[in-house]
Amino acid sequence: MTSTAEGFQQLGKSVFGFGQRLIQDISQNGPQVIYYRIRDFDLAVAIREWDMPAVQLSLIMLITVFVGFISMAVLANIRPTPVAPGPGGENRAIGTGSVAQPKEGAPPIPPPTEVISLRVYPIKSCRGFEVDQSRLKKSGLLLDRNWMFVDKADNKFMTIRSDASMTLIDTKIVEGTGEFKGAQMLEISIHGTDGRVAIPAFPSKQWLEANTKLSTVEIWEAETDGYEYGSEINKIFCDYFRKDVALIYKGPTARNIAVNGSVDLYGKETPHMFADVMSLQVASEASIKDLNKHLQARAKQDPTITDLTIERFRPNIIVRGRDSHPWEEDTWKRIRLTTTIPNEEALYKIDLDVVARCARCQVPNVNPDTAEKHAHQPWDELMKFRRVDKGGVAKYKPCFGMLCVPKNEGKIQVGAKLEVLETTDKHLYNTAKFEDL
């Protein structure tokens, strides 16, 4: 009679051989081969040679192990191969709208274009700088308009509109030294002078509580809070403006976007920093080129008129656009920015609601390099052909650029693709509800 060990061995060889052949067939022919293998397996023939009393318990145990083994093998063959994070993985920020949505009667959706410049203005009305990459938050680009100056006589905000010399205050990001070693600092300097100070670009709550005081300030006839820096920081600015001023960092209380971004017109509250009315402005290179063509014709009679840079209009995101179709950004309603960052294996898709055209004042008349204000241009020329919005005060002003609200957050870099997802011909400044566009 065959021993228990020998019976166990026979059973194992038989079952294991069957399992091996089954796994090989699965890899070559797919999981469907399981059915045929099980159908053709003659268990009666296999067990005639065994001493059943010797292997009875072993058989039960091995069948249990075998079923578990086969189940794992099948799952391993059916389960998709893992993919590393990246454009096809999970390290991404994806907007809510999935595809372009052409509407009957709406302007045509233009082809995609690309981001050619990103500009950040840390202090309201002061000089900003270009970056190759930044993080776009719902409150705007990182660091944009996080600070402003107030006149201490009334704690009201200061702007280029009333003091063009503000454009000679420069900003840049530098590496910290001493106690700030390893931290990013905002260096503020005055053009053409040695005066400069450096403050933490991303101050902690503890640092602000120890080095500033929380004050109430006024911007556009509305109060908000802000952290006021001390005299050691403000001295060079008081000397420059020849009056008592203070640098203010946005406080914790929400300051919501206004005009077409108000709750009544946009449908919800969206906090931002010290930008005038909206968290983000997008402009087109094709449109500034077209404006310069108009100005070049005027320059034949007035040599003081020169070509303008896009900096005059202080946008955050500049796209290439189509030279053959300037100003087509007037028709945007929803757009998407797609940024691929290979070294991070990351894909960011950020959707923006294009809420309104940007109605302009005469700030673009100020040369940002000299603080000199031209008496007429580009305001006069824009008034001739860019009074394109009949809503609110915009009917009396020209428009340049579009005011946007980010729907989600993520990184953006120069070279990002801009796609228009939806268009409208119903933009009305401070009048039209976004849902009705």
# chains A, B, ... in the order shown; residues from 1 in each chain; ligands from 1
>>> select_by_dssp(residues="range 191-356 of chain A", states="helix (DSSP H, G or I)", output="PyMOL selection string")
chain A and resi 205-211+231-241+259-261+263-266+285-299+310-313+328-331+342-344
>>> residues_around(residues="range 201-205 of chain A", least_positions_apart="4", cutoff="7 Å", atoms="only C-alpha atoms", output="ChimeraX atom specification")
/A:184-186,209
>>> residues_around(residues="Ala356 in chain A", least_positions_apart="6", cutoff="12 Å", atoms="only C-alpha atoms", output="PyMOL selection string")
chain A and resi 257-262+265-266+277-282+329-334+388-392+394+399-405+424-434+437
>>> write_last_selection(atoms="C-alpha atoms", output="PDB file, in the first residue's frame")
ATOM      1  CA  ILE A 257     -13.973  89.840  -5.626  1.00  0.00           C
ATOM      2  CA  ALA A 258     -16.355  92.514  -6.854  1.00  0.00           C
ATOM      3  CA  VAL A 259     -18.137  93.896  -9.945  1.00  0.00           C
ATOM      4  CA  ASN A 260     -19.032  90.862 -12.126  1.00  0.00           C
ATOM      5  CA  GLY A 261     -17.489  88.682  -9.429  1.00  0.00           C
ATOM      6  CA  SER A 262     -19.980  89.771  -6.770  1.00  0.00           C
ATOM      7  CA  LEU A 265     -23.603  88.345 -10.538  1.00  0.00           C
ATOM      8  CA  TYR A 266     -21.165  85.450 -10.096  1.00  0.00           C
ATOM      9  CA  VAL A 277     -11.865  93.813  -8.424  1.00  0.00           C
ATOM     10  CA  MET A 278     -10.773  90.356  -9.593  1.00  0.00           C
ATOM     11  CA  SER A 279      -8.111  87.798  -8.770  1.00  0.00           C
ATOM     12  CA  LEU A 280      -6.618  87.356 -12.243  1.00  0.00           C
ATOM     13  CA  GLN A 281      -6.182  89.255 -15.516  1.00  0.00           C
ATOM     14  CA  VAL A 282      -5.405  87.516 -18.823  1.00  0.00           C
ATOM     15  CA  GLU A 329     -10.475  87.214 -25.978  1.00  0.00           C
ATOM     16  CA  ASP A 330     -13.536  89.519 -25.733  1.00  0.00           C
ATOM     17  CA  THR A 331     -15.655  86.435 -26.470  1.00  0.00           C
ATOM     18  CA  TRP A 332     -14.186  84.010 -23.926  1.00  0.00           C
ATOM     19  CA  LYS A 333     -16.460  82.614 -21.230  1.00  0.00           C
ATOM     20  CA  ARG A 334     -14.559  79.548 -19.988  1.00  0.00           C
ATOM     21  CA  VAL A 388     -16.813  97.598 -26.692  1.00  0.00           C
ATOM     22  CA  ASP A 389     -18.740  97.016 -23.461  1.00  0.00           C
ATOM     23  CA  LYS A 390     -22.071  98.727 -22.777  1.00  0.00           C
ATOM     24  CA  GLY A 391     -22.347  97.604 -19.165  1.00  0.00           C
ATOM     25  CA  GLY A 392     -22.030  99.948 -16.172  1.00  0.00           C
ATOM     26  CA  ALA A 394     -17.457 100.430 -19.040  1.00  0.00           C
ATOM     27  CA  CYS A 399     -11.375  97.632 -22.509  1.00  0.00           C
ATOM     28  CA  PHE A 400      -8.158  95.633 -22.587  1.00  0.00           C
ATOM     29  CA  GLY A 401      -7.736  92.136 -21.141  1.00  0.00           C
ATOM     30  CA  MET A 402     -10.152  89.799 -19.407  1.00  0.00           C
ATOM     31  CA  LEU A 403     -10.895  89.361 -15.695  1.00  0.00           C
ATOM     32  CA  CYS A 404     -10.971  85.719 -14.599  1.00  0.00           C
ATOM     33  CA  VAL A 405     -11.697  83.539 -11.587  1.00  0.00           C
ATOM     34  CA  THR A 424     -20.218  84.376 -25.395  1.00  0.00           C
ATOM     35  CA  ASP A 425     -21.182  87.703 -26.939  1.00  0.00           C
ATOM     36  CA  LYS A 426     -23.074  88.826 -23.824  1.00  0.00           C
ATOM     37  CA  HIS A 427     -20.336  90.268 -21.593  1.00  0.00           C
ATOM     38  CA  LEU A 428     -21.636  93.377 -19.811  1.00  0.00           C
ATOM     39  CA  TYR A 429     -19.421  95.024 -17.199  1.00  0.00           C
ATOM     40  CA  ASN A 430     -20.971  94.976 -13.700  1.00  0.00           C
ATOM     41  CA  THR A 431     -24.310  94.019 -15.223  1.00  0.00           C
ATOM     42  CA  ALA A 432     -24.444  90.494 -16.675  1.00  0.00           C
ATOM     43  CA  LYS A 433     -24.748  87.402 -14.519  1.00  0.00           C
ATOM     44  CA  PHE A 434     -22.177  84.775 -15.347  1.00  0.00           C
ATOM     45  CA  LEU A 437     -23.503  84.679 -20.538  1.00  0.00           C
TER      46      LEU A 437
END
>>> atom_distance(atom1="CA of Asn316 in chain A", atom2="CA of Lys373 in chain A")
22.1 Å
>>> closest_residue(among="A:Thr423, A:Thr167, A:Ser284, A:Gln413", to="Ile341 in chain A", atoms="only C-alpha atoms")
A:Gln413
>>> residues_around(residues="His376 in chain A", least_positions_apart="5", cutoff="9 Å", atoms="only C-alpha atoms", output="ChimeraX atom specification")
/A:362,365,381
>>> closest_residue(among="A:Ala286, A:Val363, A:Ile412, A:Cys238", to="Leu118 in chain A", atoms="only C-alpha atoms")
A:Ile412
>>> closest_atom_pairs(of="range 266-376 of chain A", to="range 417-422 of chain A", cutoff="12 Å", atoms="only C-alpha atoms", output="Markdown table")
| residue | atom | partner | partner_atom | distance |
| --- | --- | --- | --- | --- |
| A:Val282 | CA | A:Leu418 | CA | 10.8 |
| A:Ala283 | CA | A:Leu418 | CA | 11.9 |
| A:Ser284 | CA | A:Leu418 | CA | 11.3 |
| A:Ile317 | CA | A:Leu418 | CA | 10.5 |
| A:Ile318 | CA | A:Leu418 | CA | 10.4 |
| A:Val319 | CA | A:Leu418 | CA | 7.7 |
| A:Arg320 | CA | A:Leu418 | CA | 9.5 |
| A:Gly321 | CA | A:Leu418 | CA | 9.5 |
| A:Glu328 | CA | A:Val420 | CA | 10.6 |
| A:Glu329 | CA | A:Val420 | CA | 9.2 |
| A:Asp330 | CA | A:Val420 | CA | 11.6 |
| A:Thr331 | CA | A:Glu422 | CA | 8.6 |
| A:Trp332 | CA | A:Glu422 | CA | 6.4 |
| A:Lys333 | CA | A:Glu422 | CA | 5.3 |
| A:Arg334 | CA | A:Glu422 | CA | 5.0 |
| A:Ile335 | CA | A:Val420 | CA | 4.4 |
| A:Arg336 | CA | A:Glu419 | CA | 5.1 |
| A:Leu337 | CA | A:Leu418 | CA | 4.7 |
| A:Thr338 | CA | A:Lys417 | CA | 5.1 |
| A:Thr339 | CA | A:Lys417 | CA | 6.7 |
| A:Thr340 | CA | A:Lys417 | CA | 9.2 |
| A:Leu347 | CA | A:Lys417 | CA | 11.6 |
| A:Tyr348 | CA | A:Lys417 | CA | 10.6 |
| A:Lys349 | CA | A:Lys417 | CA | 9.4 |
| A:Ile350 | CA | A:Leu418 | CA | 9.7 |
| A:Asp351 | CA | A:Leu421 | CA | 9.1 |
| A:Leu352 | CA | A:Val420 | CA | 9.7 |
| A:Asp353 | CA | A:Glu422 | CA | 9.6 |
| A:Val354 | CA | A:Glu422 | CA | 9.6 |
>>> write_last_selection(atoms="N, CA, C and O atoms", output="tab-separated table (two decimals), in the first residue's frame")
chain	number	residue	atom	x	y	z
A	282	VAL	N	-6.05	88.17	-17.68
A	282	VAL	CA	-5.41	87.52	-18.82
A	282	VAL	C	-5.46	88.47	-20.01
A	282	VAL	O	-6.50	89.08	-20.27
A	283	ALA	N	-4.33	88.60	-20.72
A	283	ALA	CA	-4.27	89.49	-21.88
A	283	ALA	C	-3.59	88.77	-23.04
A	283	ALA	O	-2.96	87.73	-22.86
A	284	SER	N	-3.70	89.36	-24.23
A	284	SER	CA	-3.21	88.73	-25.45
A	284	SER	C	-2.13	89.57	-26.13
A	284	SER	O	-2.27	90.78	-26.28
A	317	ILE	N	-1.35	86.87	-16.80
A	317	ILE	CA	-1.08	85.81	-17.78
A	317	ILE	C	-1.20	86.42	-19.17
A	317	ILE	O	-2.23	87.03	-19.50
A	318	ILE	N	-0.14	86.27	-19.97
A	318	ILE	CA	-0.15	86.78	-21.34
A	318	ILE	C	-0.09	85.60	-22.29
A	318	ILE	O	0.79	84.73	-22.17
A	319	VAL	N	-1.05	85.52	-23.19
A	319	VAL	CA	-1.09	84.43	-24.18
A	319	VAL	C	-0.72	84.99	-25.55
A	319	VAL	O	-0.80	86.20	-25.78
A	320	ARG	N	-0.32	84.10	-26.45
A	320	ARG	CA	0.13	84.55	-27.76
A	320	ARG	C	-1.03	85.11	-28.58
A	320	ARG	O	-0.94	86.17	-29.17
A	321	GLY	N	-2.12	84.37	-28.67
A	321	GLY	CA	-3.24	84.81	-29.50
A	321	GLY	C	-2.92	84.67	-30.98
A	321	GLY	O	-1.85	84.22	-31.38
A	328	GLU	N	-9.93	88.65	-29.82
A	328	GLU	CA	-10.93	87.59	-29.74
A	328	GLU	C	-11.14	87.11	-28.30
A	328	GLU	O	-12.11	86.41	-28.01
A	329	GLU	N	-10.26	87.54	-27.39
A	329	GLU	CA	-10.48	87.21	-25.98
A	329	GLU	C	-11.75	87.87	-25.44
A	329	GLU	O	-12.28	87.45	-24.39
A	330	ASP	N	-12.26	88.89	-26.12
A	330	ASP	CA	-13.54	89.52	-25.73
A	330	ASP	C	-14.67	88.49	-25.63
A	330	ASP	O	-15.64	88.71	-24.90
A	331	THR	N	-14.55	87.40	-26.39
A	331	THR	CA	-15.65	86.43	-26.47
A	331	THR	C	-15.49	85.24	-25.54
A	331	THR	O	-16.36	84.37	-25.49
A	332	TRP	N	-14.39	85.18	-24.81
A	332	TRP	CA	-14.19	84.01	-23.93
A	332	TRP	C	-15.20	84.00	-22.79
A	332	TRP	O	-15.53	85.02	-22.20
A	333	LYS	N	-15.66	82.79	-22.44
A	333	LYS	CA	-16.46	82.61	-21.23
A	333	LYS	C	-15.79	81.62	-20.27
A	333	LYS	O	-15.72	81.87	-19.07
A	334	ARG	N	-15.31	80.51	-20.79
A	334	ARG	CA	-14.56	79.55	-19.99
A	334	ARG	C	-13.31	79.14	-20.75
A	334	ARG	O	-13.37	78.89	-21.96
A	335	ILE	N	-12.19	79.09	-20.05
A	335	ILE	CA	-10.94	78.69	-20.67
A	335	ILE	C	-10.24	77.67	-19.78
A	335	ILE	O	-10.53	77.56	-18.59
A	336	ARG	N	-9.31	76.94	-20.37
A	336	ARG	CA	-8.54	75.94	-19.62
A	336	ARG	C	-7.05	76.12	-19.90
A	336	ARG	O	-6.63	76.29	-21.05
A	337	LEU	N	-6.26	76.07	-18.83
A	337	LEU	CA	-4.80	76.13	-18.93
A	337	LEU	C	-4.25	74.75	-18.60
A	337	LEU	O	-4.50	74.20	-17.52
A	338	THR	N	-3.48	74.18	-19.53
A	338	THR	CA	-2.91	72.85	-19.34
A	338	THR	C	-1.40	72.95	-19.28
A	338	THR	O	-0.76	73.41	-20.23
A	339	THR	N	-0.83	72.52	-18.16
A	339	THR	CA	0.62	72.57	-17.94
A	339	THR	C	1.12	71.17	-17.67
A	339	THR	O	0.63	70.49	-16.76
A	340	THR	N	2.12	70.72	-18.44
A	340	THR	CA	2.77	69.44	-18.21
A	340	THR	C	4.18	69.70	-17.70
A	340	THR	O	4.94	70.45	-18.31
A	347	LEU	N	0.64	66.67	-14.37
A	347	LEU	CA	-0.23	67.34	-15.34
A	347	LEU	C	-1.22	68.20	-14.57
A	347	LEU	O	-1.89	67.71	-13.66
A	348	TYR	N	-1.29	69.49	-14.92
A	348	TYR	CA	-2.22	70.40	-14.26
A	348	TYR	C	-3.16	70.98	-15.30
A	348	TYR	O	-2.72	71.55	-16.30
A	349	LYS	N	-4.45	70.83	-15.06
A	349	LYS	CA	-5.46	71.44	-15.92
A	349	LYS	C	-6.31	72.35	-15.03
A	349	LYS	O	-7.03	71.87	-14.16
A	350	ILE	N	-6.21	73.65	-15.28
A	350	ILE	CA	-6.90	74.63	-14.45
A	350	ILE	C	-7.94	75.35	-15.30
A	350	ILE	O	-7.61	75.94	-16.33
A	351	ASP	N	-9.18	75.29	-14.86
A	351	ASP	CA	-10.26	75.98	-15.57
A	351	ASP	C	-10.47	77.36	-14.97
A	351	ASP	O	-10.43	77.54	-13.75
A	352	LEU	N	-10.71	78.33	-15.85
A	352	LEU	CA	-10.98	79.71	-15.43
A	352	LEU	C	-12.34	80.13	-15.96
A	352	LEU	O	-12.67	79.87	-17.13
A	353	ASP	N	-13.12	80.77	-15.12
A	353	ASP	CA	-14.32	81.47	-15.58
A	353	ASP	C	-13.90	82.87	-16.00
A	353	ASP	O	-13.31	83.61	-15.20
A	354	VAL	N	-14.17	83.22	-17.24
A	354	VAL	CA	-13.86	84.56	-17.73
A	354	VAL	C	-15.07	85.43	-17.45
A	354	VAL	O	-16.08	85.37	-18.15
>>> closest_residue(among="A:Val263, A:Leu141, A:Ala164, A:Ile288", to="His374 in chain A", atoms="only C-alpha atoms")
A:Ala164
>>> closest_residue(among="A:Glu372, A:Asp380, A:Asp239, A:Glu175", to="Ile160 in chain A", atoms="only C-alpha atoms")
A:Glu372
>>> residues_around(residues="Ala371 in chain A", least_positions_apart="6", cutoff="12 Å", atoms="only C-alpha atoms", output="list of chain:residue names")
A:Ser125, A:Cys126, A:Arg127, A:Ile160, A:Arg161, A:Ser162, A:Asp163, A:Ala164, A:Ser165, A:Met166, A:Thr167, A:Leu168, A:Ile169, A:His191, A:Arg312, A:Val363, A:Pro364, A:Asn365
